[in-house]
Amino acid sequence: MLLAIGLTAISCNRDSDKDSDSGANDLISEYVGKWYYYSGSSTTIAKGTELTISSSGVLTWKTPDGDIFNGTIKALGDDWCDVTYNGKTYRQSEVYTYNNRTCLAFNVNGNTSLSIKDFPFDGVYTKEYVAGVSTPKAVDLGLSVKWADKNLGASKAEDYGDYYAWGETATKSLYTEETSLFMGFYKATLTSMGVLDSRGNLTYKYDVATQKLGTNWRMPTRLEIQELLQGCTLTWTIQNGVAGMKMVSTKNGNSIFLPASGAINIDGLNPTAGEVGYYWTSSECGGKDKAYDLYVDKNCYRYLSDDMRYRRCGLTIRAVTK
């Protein structure tokens, strides 16, 4: 796992007033303290995404999943430092002034993660939302993760929401092999590219739910889809005029509704909308062109090896959170 939790390159202006000779070979005081994740033009300040640096140079990073990793930081002067983490030392970690705030940028393998210092933090989460993205409510179904109450990009449970090709974070007008970013790549290649983690699931940068909703949210894995189907009673229904699958937890009676959102094909059409629901997982399926998805219709449901889609297809997303 990389130290960088955000993979969006960000341009910052260096504070020219800092003394470039101060703190060489010692920890610069500006590094000491607690930092919170910051990405792009909007802030994502989330519980579990803090990075703490002590006066003795010990670095503690708490991930969104609750994992804690330790390292050390050593200043080199002129705001540069070395970060030793997981047995490796990374150069080019800097303190910046950005939007009148003190920021810390880690450049690891070409990926920049910017953290912001002393941001107002309520202990749960604060988010300055990306324009046009409606944040879902988390529904507790008594499972290992909580499920969003609506699709990504939807304003209510019955809306289809937005359609994405697998591993891509923007909608588009054509969902073809030529416009797909990840058709034709096997797992090993996708892993070396940083697209997949060691478990074969999309990393933060390529998880559209994380990119749109913040680090508290992500796409479900195939195992979480399996858990959902095994932990719920499924009923095909019409909800407020929209066909779809109602999933009622056998553990606590809470429920979610998955509209039959269909899929956008190579011709740009969506002929199965209203009849079938296709939902991407973050999991690749072992080949070079497909990924696992959840398939639901009025007659059956399938998961894992029973249903895979071409990565070029435009499918909807139902996010999960802890």
# chains A, B, ... in the order shown; residues from 1 in each chain; ligands from 1
>>> select_by_dssp(residues="region 174-322 of chain A", states="alpha helix (DSSP H)", output="number ranges by chain")
A: 187-192, 208-213, 222-230
>>> closest_residue(among="A:Asn299, A:Thr171, A:Ser155, A:Thr316", to="Thr237 (chain A)", atoms="only C-alpha atoms")
A:Asn299
>>> closest_residue(among="A:Leu213, A:Leu294, A:Ile68, A:Met308", to="Ile225 (chain A)", atoms="only C-alpha atoms")
A:Leu294
>>> decode(residues="region 210-227 of chain A", atoms="N, CA, C and O atoms", output="PDB file, in the first residue's frame")
ATOM      1  N   THR A 210     -15.231   6.506  -4.884  1.00  0.00           N
ATOM      2  CA  THR A 210     -14.291   7.237  -4.036  1.00  0.00           C
ATOM      3  C   THR A 210     -14.008   8.613  -4.609  1.00  0.00           C
ATOM      4  O   THR A 210     -13.979   9.619  -3.883  1.00  0.00           O
ATOM      5  N   GLN A 211     -13.794   8.682  -5.903  1.00  0.00           N
ATOM      6  CA  GLN A 211     -13.459   9.948  -6.542  1.00  0.00           C
ATOM      7  C   GLN A 211     -14.606  10.954  -6.482  1.00  0.00           C
ATOM      8  O   GLN A 211     -14.391  12.161  -6.367  1.00  0.00           O
ATOM      9  N   LYS A 212     -15.831  10.467  -6.541  1.00  0.00           N
ATOM     10  CA  LYS A 212     -16.992  11.368  -6.535  1.00  0.00           C
ATOM     11  C   LYS A 212     -17.510  11.678  -5.133  1.00  0.00           C
ATOM     12  O   LYS A 212     -18.018  12.775  -4.884  1.00  0.00           O
ATOM     13  N   LEU A 213     -17.395  10.721  -4.224  1.00  0.00           N
ATOM     14  CA  LEU A 213     -18.019  10.874  -2.911  1.00  0.00           C
ATOM     15  C   LEU A 213     -17.026  11.061  -1.771  1.00  0.00           C
ATOM     16  O   LEU A 213     -17.422  11.398  -0.663  1.00  0.00           O
ATOM     17  N   GLY A 214     -15.750  10.833  -2.025  1.00  0.00           N
ATOM     18  CA  GLY A 214     -14.757  10.959  -0.968  1.00  0.00           C
ATOM     19  C   GLY A 214     -14.303   9.613  -0.449  1.00  0.00           C
ATOM     20  O   GLY A 214     -14.859   8.558  -0.778  1.00  0.00           O
ATOM     21  N   THR A 215     -13.294   9.631   0.390  1.00  0.00           N
ATOM     22  CA  THR A 215     -12.629   8.403   0.802  1.00  0.00           C
ATOM     23  C   THR A 215     -13.448   7.517   1.733  1.00  0.00           C
ATOM     24  O   THR A 215     -13.042   6.389   2.018  1.00  0.00           O
ATOM     25  N   ASN A 216     -14.564   7.990   2.230  1.00  0.00           N
ATOM     26  CA  ASN A 216     -15.432   7.127   3.030  1.00  0.00           C
ATOM     27  C   ASN A 216     -16.216   6.139   2.169  1.00  0.00           C
ATOM     28  O   ASN A 216     -16.764   5.162   2.685  1.00  0.00           O
ATOM     29  N   TRP A 217     -16.295   6.390   0.870  1.00  0.00           N
ATOM     30  CA  TRP A 217     -17.110   5.587  -0.034  1.00  0.00           C
ATOM     31  C   TRP A 217     -16.241   4.905  -1.082  1.00  0.00           C
ATOM     32  O   TRP A 217     -15.198   5.423  -1.471  1.00  0.00           O
ATOM     33  N   ARG A 218     -16.710   3.760  -1.572  1.00  0.00           N
ATOM     34  CA  ARG A 218     -16.027   3.052  -2.653  1.00  0.00           C
ATOM     35  C   ARG A 218     -17.009   2.115  -3.346  1.00  0.00           C
ATOM     36  O   ARG A 218     -18.145   1.924  -2.888  1.00  0.00           O
ATOM     37  N   MET A 219     -16.566   1.537  -4.461  1.00  0.00           N
ATOM     38  CA  MET A 219     -17.357   0.520  -5.140  1.00  0.00           C
ATOM     39  C   MET A 219     -17.304  -0.786  -4.344  1.00  0.00           C
ATOM     40  O   MET A 219     -16.312  -1.072  -3.685  1.00  0.00           O
ATOM     41  N   PRO A 220     -18.353  -1.610  -4.416  1.00  0.00           N
ATOM     42  CA  PRO A 220     -18.314  -2.888  -3.712  1.00  0.00           C
ATOM     43  C   PRO A 220     -17.417  -3.892  -4.427  1.00  0.00           C
ATOM     44  O   PRO A 220     -17.238  -3.832  -5.645  1.00  0.00           O
ATOM     45  N   THR A 221     -16.858  -4.813  -3.668  1.00  0.00           N
ATOM     46  CA  THR A 221     -16.123  -5.924  -4.253  1.00  0.00           C
ATOM     47  C   THR A 221     -17.105  -7.044  -4.603  1.00  0.00           C
ATOM     48  O   THR A 221     -18.261  -7.037  -4.180  1.00  0.00           O
ATOM     49  N   ARG A 222     -16.626  -8.039  -5.329  1.00  0.00           N
ATOM     50  CA  ARG A 222     -17.511  -9.154  -5.674  1.00  0.00           C
ATOM     51  C   ARG A 222     -17.933  -9.931  -4.436  1.00  0.00           C
ATOM     52  O   ARG A 222     -19.049 -10.449  -4.355  1.00  0.00           O
ATOM     53  N   LEU A 223     -17.044 -10.010  -3.425  1.00  0.00           N
ATOM     54  CA  LEU A 223     -17.409 -10.721  -2.205  1.00  0.00           C
ATOM     55  C   LEU A 223     -18.480  -9.980  -1.425  1.00  0.00           C
ATOM     56  O   LEU A 223     -19.331 -10.598  -0.781  1.00  0.00           O
ATOM     57  N   GLU A 224     -18.463  -8.662  -1.479  1.00  0.00           N
ATOM     58  CA  GLU A 224     -19.503  -7.873  -0.808  1.00  0.00           C
ATOM     59  C   GLU A 224     -20.837  -7.983  -1.541  1.00  0.00           C
ATOM     60  O   GLU A 224     -21.898  -7.938  -0.907  1.00  0.00           O
ATOM     61  N   ILE A 225     -20.782  -8.156  -2.852  1.00  0.00           N
ATOM     62  CA  ILE A 225     -22.011  -8.433  -3.609  1.00  0.00           C
ATOM     63  C   ILE A 225     -22.579  -9.779  -3.188  1.00  0.00           C
ATOM     64  O   ILE A 225     -23.791  -9.929  -2.963  1.00  0.00           O
ATOM     65  N   GLN A 226     -21.713 -10.772  -3.073  1.00  0.00           N
ATOM     66  CA  GLN A 226     -22.150 -12.090  -2.640  1.00  0.00           C
ATOM     67  C   GLN A 226     -22.779 -12.024  -1.251  1.00  0.00           C
ATOM     68  O   GLN A 226     -23.840 -12.617  -1.002  1.00  0.00           O
ATOM     69  N   GLU A 227     -22.147 -11.294  -0.354  1.00  0.00           N
ATOM     70  CA  GLU A 227     -22.680 -11.137   0.995  1.00  0.00           C
ATOM     71  C   GLU A 227     -24.045 -10.462   0.973  1.00  0.00           C
ATOM     72  O   GLU A 227     -24.965 -10.856   1.707  1.00  0.00           O
TER      73      GLU A 227
END
